[in-house]
Amino acid sequence: MSAGLDEILTAARTRLAAAPREALGELVEPRRVLGIARAPRVVPRGSAWHLGVLLLTDDAVLATGEIVRARQEAIRGYTAESQRRRAELAAAARRGGFPEGAVVHIRWRMLDPAATGRDAASDPLAIRDGVPLVRWSAAGGYVPLEPYLDERIELLLNPPAGAGI
């Protein structure tokens with residue numbers, strides 16, 4: 001791991017100590033019982049600070065996956081299959097024990113900061129010319145990690161008025 005990257009992540013964790021975290025979950029497809037399929041559920045796997053394309057834990061950095069709010073299953077009509085799938089994930093999170101309305105991150109991916117710049121295990125992180133970078137969108141280019149985290153931490157600590165609505 002680049003010393004610069006390690007220092008940036010450590011400083012971010014220090015600044016985030018009192019900031020709210022969001023839940024990490026893992027989608028589990030239960031085994032069949034007597035040949036009958038049971039509903040999938042999302043089980044808790046810790047918590048992290050959500051910083052845009054990154055999730056930061058006490059000892060790891062993850063790539064953000066899907067984000068849902070846990071809610072009771074309800075029969076609804078959907079015009080898009082993607083809406084139905086998201087509703088199923090939200091219900092699976094509720095079945096897994098997350099409280100109603102809790103934000104849950106699913107299908108996140110553990111990053112390997114030691115591999116930064118060598119392979120896809122570190123994507124969206126990279127190091128170029130000794131500078132830690134982050135790719136903030138699939139179509140976007142890389143930006144310096146430190147100012148990216150500064151902006152994201154500021155938004156987390158001081159959200160704009162109406163952001164929680």
# chains A, B, ... in the order shown; residues from 1 in each chain; ligands from 1
call {"tool": "select_by_dssp", "arguments": {"residues": "stretch 47-124 of chain A", "states": "helix (DSSP H, G or I)", "output": "MDAnalysis selection string"}}
result
chainID A and resid 81:95 113:115 120:122
call {"tool": "select_by_dssp", "arguments": {"residues": "stretch 44-138 of chain A", "states": "strand (DSSP E)", "output": "VMD selection string"}}
result
chain A and resid 44 to 51 54 to 56 61 to 63 66 to 69 103 to 106 109 to 110 125 to 128 131 to 135
call {"tool": "write_last_selection", "arguments": {"atoms": "N, CA and C atoms", "output": "short mmCIF file (atom, residue, chain, number, x, y, z; two decimals), in the first residue's frame"}}
result
data_model
loop_
_atom_site.label_atom_id
_atom_site.label_comp_id
_atom_site.auth_asym_id
_atom_site.auth_seq_id
_atom_site.Cartn_x
_atom_site.Cartn_y
_atom_site.Cartn_z
N PRO A 44 -26.67 -8.86 8.31
CA PRO A 44 -25.69 -7.82 8.67
C PRO A 44 -24.25 -8.31 8.55
N ARG A 45 -23.39 -7.43 8.04
CA ARG A 45 -21.96 -7.71 7.91
C ARG A 45 -21.10 -6.54 8.38
N GLY A 46 -21.64 -5.74 9.29
CA GLY A 46 -20.88 -4.61 9.82
C GLY A 46 -21.45 -3.28 9.39
N SER A 47 -20.62 -2.26 9.50
CA SER A 47 -21.03 -0.91 9.12
C SER A 47 -19.84 -0.16 8.54
N ALA A 48 -20.15 0.90 7.83
CA ALA A 48 -19.09 1.69 7.19
C ALA A 48 -19.57 3.12 6.99
N TRP A 49 -18.60 3.99 6.79
CA TRP A 49 -18.92 5.36 6.39
C TRP A 49 -19.05 5.35 4.88
N HIS A 50 -20.14 5.91 4.38
CA HIS A 50 -20.38 5.96 2.94
C HIS A 50 -19.79 7.26 2.39
N LEU A 51 -18.79 7.11 1.57
CA LEU A 51 -18.08 8.25 0.99
C LEU A 51 -18.10 8.15 -0.53
N LEU A 54 -16.83 4.93 -2.35
CA LEU A 54 -16.09 4.15 -1.36
C LEU A 54 -16.88 3.99 -0.08
N LEU A 55 -16.66 2.87 0.58
CA LEU A 55 -17.16 2.62 1.93
C LEU A 55 -15.92 2.40 2.78
N LEU A 56 -15.83 3.12 3.88
CA LEU A 56 -14.64 3.03 4.73
C LEU A 56 -15.04 2.42 6.07
N VAL A 61 -11.26 -0.78 3.15
CA VAL A 61 -11.91 0.13 2.21
C VAL A 61 -12.62 -0.75 1.18
N LEU A 62 -13.88 -0.38 0.88
CA LEU A 62 -14.73 -1.17 0.01
C LEU A 62 -15.25 -0.31 -1.13
N ALA A 63 -15.59 -0.96 -2.23
CA ALA A 63 -16.25 -0.27 -3.34
C ALA A 63 -17.76 -0.37 -3.10
N GLU A 66 -24.81 -1.89 -4.32
CA GLU A 66 -26.19 -1.41 -4.36
C GLU A 66 -26.57 -0.90 -2.98
N ILE A 67 -27.47 0.07 -2.96
CA ILE A 67 -27.93 0.67 -1.71
C ILE A 67 -29.45 0.60 -1.69
N VAL A 68 -30.00 0.05 -0.60
CA VAL A 68 -31.46 -0.03 -0.44
C VAL A 68 -31.83 0.44 0.95
N ARG A 69 -33.10 0.75 1.13
CA ARG A 69 -33.67 1.02 2.46
C ARG A 69 -34.53 -0.18 2.81
N VAL A 103 -30.67 2.25 5.93
CA VAL A 103 -29.90 2.19 4.69
C VAL A 103 -28.95 1.00 4.79
N VAL A 104 -28.98 0.16 3.75
CA VAL A 104 -28.17 -1.06 3.75
C VAL A 104 -27.40 -1.13 2.43
N HIS A 105 -26.11 -1.36 2.53
CA HIS A 105 -25.25 -1.53 1.35
C HIS A 105 -25.11 -3.02 1.06
N ILE A 106 -25.41 -3.41 -0.17
CA ILE A 106 -25.36 -4.80 -0.60
C ILE A 106 -24.44 -4.90 -1.82
N ARG A 109 -17.81 -4.46 -2.53
CA ARG A 109 -16.65 -5.28 -2.87
C ARG A 109 -15.43 -4.80 -2.09
N MET A 110 -14.75 -5.74 -1.43
CA MET A 110 -13.54 -5.43 -0.68
C MET A 110 -12.44 -5.02 -1.67
N LEU A 125 -9.72 2.64 -6.87
CA LEU A 125 -8.51 3.33 -6.40
C LEU A 125 -7.36 3.09 -7.35
N ALA A 126 -6.48 4.07 -7.44
CA ALA A 126 -5.27 3.93 -8.26
C ALA A 126 -4.21 4.86 -7.69
N ILE A 127 -2.99 4.61 -8.08
CA ILE A 127 -1.89 5.52 -7.75
C ILE A 127 -1.14 5.79 -9.04
N ARG A 128 -1.00 7.07 -9.34
CA ARG A 128 -0.25 7.49 -10.53
C ARG A 128 0.74 8.56 -10.12
N VAL A 131 0.60 9.65 -6.55
CA VAL A 131 -0.59 10.34 -6.03
C VAL A 131 -1.76 9.37 -5.97
N PRO A 132 -2.36 9.14 -4.77
CA PRO A 132 -3.55 8.30 -4.68
C PRO A 132 -4.74 8.98 -5.37
N LEU A 133 -5.44 8.19 -6.20
CA LEU A 133 -6.56 8.70 -6.99
C LEU A 133 -7.78 7.82 -6.79
N VAL A 134 -8.94 8.36 -7.13
CA VAL A 134 -10.18 7.60 -7.11
C VAL A 134 -10.96 7.92 -8.38
N ARG A 135 -11.58 6.88 -8.94
CA ARG A 135 -12.45 7.08 -10.10
C ARG A 135 -13.86 7.18 -9.56
#
call {"tool": "residues_around", "arguments": {"residues": "A:Arg38", "least_positions_apart": "6", "cutoff": "12 Å", "atoms": "only C-alpha atoms", "output": "PyMOL selection string"}}
result
chain A and resi 28-32+92+95
call {"tool": "closest_residue", "arguments": {"among": "A:Ala37, A:Ala93, A:Leu27, A:Ala19", "to": "A:Asn158", "atoms": "only C-alpha atoms"}}
result
A:Ala19
call {"tool": "closest_residue", "arguments": {"among": "A:Ala60, A:Ile8, A:Ala138, A:Ala91", "to": "A:Val42", "atoms": "only C-alpha atoms"}}
result
A:Ala91
